[in-house]
Amino acid sequence: MTATPLPGRDEAMLEAASWKIRLNEAPDDEALAAACVAWRARSVLHEAAWRRVEKAWGVAGGLAGENMPAGEAVPSVGRHRPGRGGRWLRRIALGVAASVLVGAFGLRTPDLVLRLRADYVTGAGETRTLALPDGSTVILGPRSAIALHYAGRERAVALLEGEAFFTVVHDAAHGFSVTAARAVVRDIGTAFDVRLAGDGVAVAVKEGMVGISWPGRGALVRLASGQQWAVDGASGREQRGEVDPAGVGAWASGHLVLDGMTLADAVRTLGRYYAGTVLTHGLERDRVPMGGVYDLHRPKEALEAISALHGGRVVSLPAGLLLVLSGPGAG
């Protein structure tokens, strides 16, 4: 599973764990310590989350003491200089962060309800090419799911999760549509990509033309080859632009082409190719469009690269967890 921005208590827990990691890495940074104190004072929710993390940290320290070799003391949090004990403390810190995050977000196996609804589902890093009953084809991206609804004069596909690239055999007597979130994309003889982006949707056209309907929008959005459109599900804000047709669906051959995608969407997309779990903090504040081409066979390295470009970083945690943190300017 990949993470989307989380409100309330869950986000506070993630922020508290993030502060703990940062303070552990820079125990003598007085400005950082002051910033953490200010964050805690900002709300009762923040202080409660901090206390919960502190409690978990203390328990982990006690357990570590029971299992450490004889004669090696448990280092004091935030005061030990780098060294053998410091490295041990870092392992404790990351383990605690992982346990806090797992407890806060209830990380779980793929959603059973989604699997029951879907006709086809892919796992992390897995792509799958499917031949549809009418001769059209769909390439299903990693951690994605679709359901087919072929009946009467309508050929319909529901994108339930992730991303899919469609190459449609045009049939004037039988319409072809893709439903994603609240958007309905209708084919007019084409090859196009549909991606769920948070609670919104993004569409890009490689060949031909599509028409897109969205609740509350009067006229159809019409896209031709080399055009893309995205809508934010919460605000209804739309973005439309040009794209290199050759880059549409390039992920199917192992390359992610970022052409106007935000950092949060890029991380969310790369997270589907990573075998573990990717959690984020603060990325939703970064709205600067991104560019570049990244190797999807090395998703962790790609995540590190795009995060560094925006002043952020990636923290590796136990159990295959990656925590992607925003840069200082975004928080």
# chains A, B, ... in the order shown; residues from 1 in each chain; ligands from 1
$ residues_around --residues "A:Val194" --least-positions-apart "3" --cutoff "9 Å" --atoms "only C-alpha atoms" --output "compact mmCIF listing (two decimals) with N, CA and C atoms, in the first residue's frame"
# COMPACT_ATOMS: atom_id res chain seq x y z
N LEU A 159 -11.46 1.38 -13.49
CA LEU A 159 -10.14 1.37 -12.87
C LEU A 159 -10.33 1.59 -11.38
N GLY A 162 -4.71 2.32 -9.04
CA GLY A 162 -3.50 2.38 -9.83
C GLY A 162 -3.62 3.03 -11.19
N GLU A 163 -3.08 2.35 -12.20
CA GLU A 163 -2.94 2.94 -13.53
C GLU A 163 -3.08 1.88 -14.60
N ALA A 164 -3.58 2.27 -15.77
CA ALA A 164 -3.74 1.33 -16.88
C ALA A 164 -3.60 2.08 -18.19
N PHE A 165 -3.01 1.40 -19.17
CA PHE A 165 -2.86 1.95 -20.51
C PHE A 165 -3.74 1.14 -21.46
N PHE A 166 -4.62 1.83 -22.19
CA PHE A 166 -5.61 1.17 -23.04
C PHE A 166 -5.30 1.41 -24.52
N VAL A 178 -13.96 4.12 -19.72
CA VAL A 178 -13.19 3.78 -18.53
C VAL A 178 -13.64 4.70 -17.41
N ALA A 180 -12.90 6.05 -13.67
CA ALA A 180 -11.83 6.13 -12.67
C ALA A 180 -12.21 7.22 -11.68
N VAL A 185 -14.05 8.27 -18.95
CA VAL A 185 -13.26 8.55 -20.14
C VAL A 185 -13.84 7.72 -21.28
N VAL A 201 -7.93 12.09 -10.75
CA VAL A 201 -7.60 11.22 -11.87
C VAL A 201 -6.79 12.01 -12.88
N ALA A 202 -5.91 11.31 -13.61
CA ALA A 202 -5.11 11.92 -14.67
C ALA A 202 -5.24 11.08 -15.93
N VAL A 203 -5.39 11.75 -17.08
CA VAL A 203 -5.56 11.07 -18.36
C VAL A 203 -4.57 11.68 -19.36
N ALA A 204 -3.90 10.83 -20.13
CA ALA A 204 -3.00 11.29 -21.19
C ALA A 204 -3.26 10.46 -22.44
N VAL A 205 -3.20 11.10 -23.61
CA VAL A 205 -3.54 10.44 -24.86
C VAL A 205 -2.30 10.25 -25.72
$ select_by_dssp --residues "stretch 244-286 of chain A" --states "alpha helix (DSSP H)" --output "ChimeraX atom specification"
/A:263-271
$ closest_residue --among "A:Leu317, A:Leu196, A:Val138, A:Val288" --to "A:Val169" --atoms "only C-alpha atoms"
A:Val138
$ closest_residue --among "A:Ala224, A:Ala41, A:Ala156, A:Ile139" --to "A:Phe176" --atoms "only C-alpha atoms"
A:Ala156
$ residues_around --residues "A:Ala266" --least-positions-apart "2" --cutoff "12 Å" --atoms "only C-alpha atoms" --output "PyMOL selection string"
chain A and resi 2+4+195-198+256-264+268-273+278+280+283-284+286-294+296+299+302-307+324
$ residues_around --residues "A:Gly236" --least-positions-apart "5" --cutoff "12 Å" --atoms "only C-alpha atoms" --output "PDB file with N, CA and C atoms, in the first residue's frame"
ATOM      1  N   ARG A 182     -14.477   9.524 -10.116  1.00  0.00           N
ATOM      2  CA  ARG A 182     -15.759  10.017 -10.637  1.00  0.00           C
ATOM      3  C   ARG A 182     -15.673  10.444 -12.096  1.00  0.00           C
ATOM      4  N   ALA A 183     -14.533  10.173 -12.723  1.00  0.00           N
ATOM      5  CA  ALA A 183     -14.365  10.538 -14.136  1.00  0.00           C
ATOM      6  C   ALA A 183     -14.764   9.377 -15.037  1.00  0.00           C
ATOM      7  N   ASP A 199      -7.374  11.240  -4.719  1.00  0.00           N
ATOM      8  CA  ASP A 199      -8.808  11.103  -4.954  1.00  0.00           C
ATOM      9  C   ASP A 199      -9.203  11.741  -6.274  1.00  0.00           C
ATOM     10  N   GLY A 200      -8.219  12.023  -7.116  1.00  0.00           N
ATOM     11  CA  GLY A 200      -8.481  12.571  -8.450  1.00  0.00           C
ATOM     12  C   GLY A 200      -8.073  11.586  -9.522  1.00  0.00           C
ATOM     13  N   VAL A 201      -7.930  12.090 -10.749  1.00  0.00           N
ATOM     14  CA  VAL A 201      -7.605  11.223 -11.874  1.00  0.00           C
ATOM     15  C   VAL A 201      -6.787  12.012 -12.884  1.00  0.00           C
ATOM     16  N   TRP A 214     -16.896  14.792 -15.925  1.00  0.00           N
ATOM     17  CA  TRP A 214     -16.598  14.888 -14.500  1.00  0.00           C
ATOM     18  C   TRP A 214     -17.785  15.552 -13.827  1.00  0.00           C
ATOM     19  N   PRO A 215     -18.239  15.045 -12.676  1.00  0.00           N
ATOM     20  CA  PRO A 215     -19.415  15.622 -12.019  1.00  0.00           C
ATOM     21  C   PRO A 215     -19.280  17.132 -11.808  1.00  0.00           C
ATOM     22  N   GLY A 216     -20.357  17.855 -12.145  1.00  0.00           N
ATOM     23  CA  GLY A 216     -20.358  19.300 -11.967  1.00  0.00           C
ATOM     24  C   GLY A 216     -19.757  20.070 -13.126  1.00  0.00           C
ATOM     25  N   ARG A 217     -19.182  19.347 -14.081  1.00  0.00           N
ATOM     26  CA  ARG A 217     -18.602  20.007 -15.243  1.00  0.00           C
ATOM     27  C   ARG A 217     -19.562  19.858 -16.414  1.00  0.00           C
ATOM     28  N   ALA A 230      -5.735  16.523 -15.787  1.00  0.00           N
ATOM     29  CA  ALA A 230      -5.837  15.953 -14.442  1.00  0.00           C
ATOM     30  C   ALA A 230      -6.792  16.797 -13.623  1.00  0.00           C
ATOM     31  N   VAL A 231      -7.462  16.162 -12.669  1.00  0.00           N
ATOM     32  CA  VAL A 231      -8.383  16.875 -11.786  1.00  0.00           C
ATOM     33  C   VAL A 231      -8.149  16.430 -10.358  1.00  0.00           C
TER      34      VAL A 231
END
$ closest_residue --among "A:Ala151, A:Ile188, A:Ala246, A:Val53" --to "A:Arg222" --atoms "only C-alpha atoms"
A:Ile188
$ closest_residue --among "A:Thr129, A:Gln227, A:Ser326, A:Ser136" --to "A:Gly211" --atoms "only C-alpha atoms"
A:Gln227
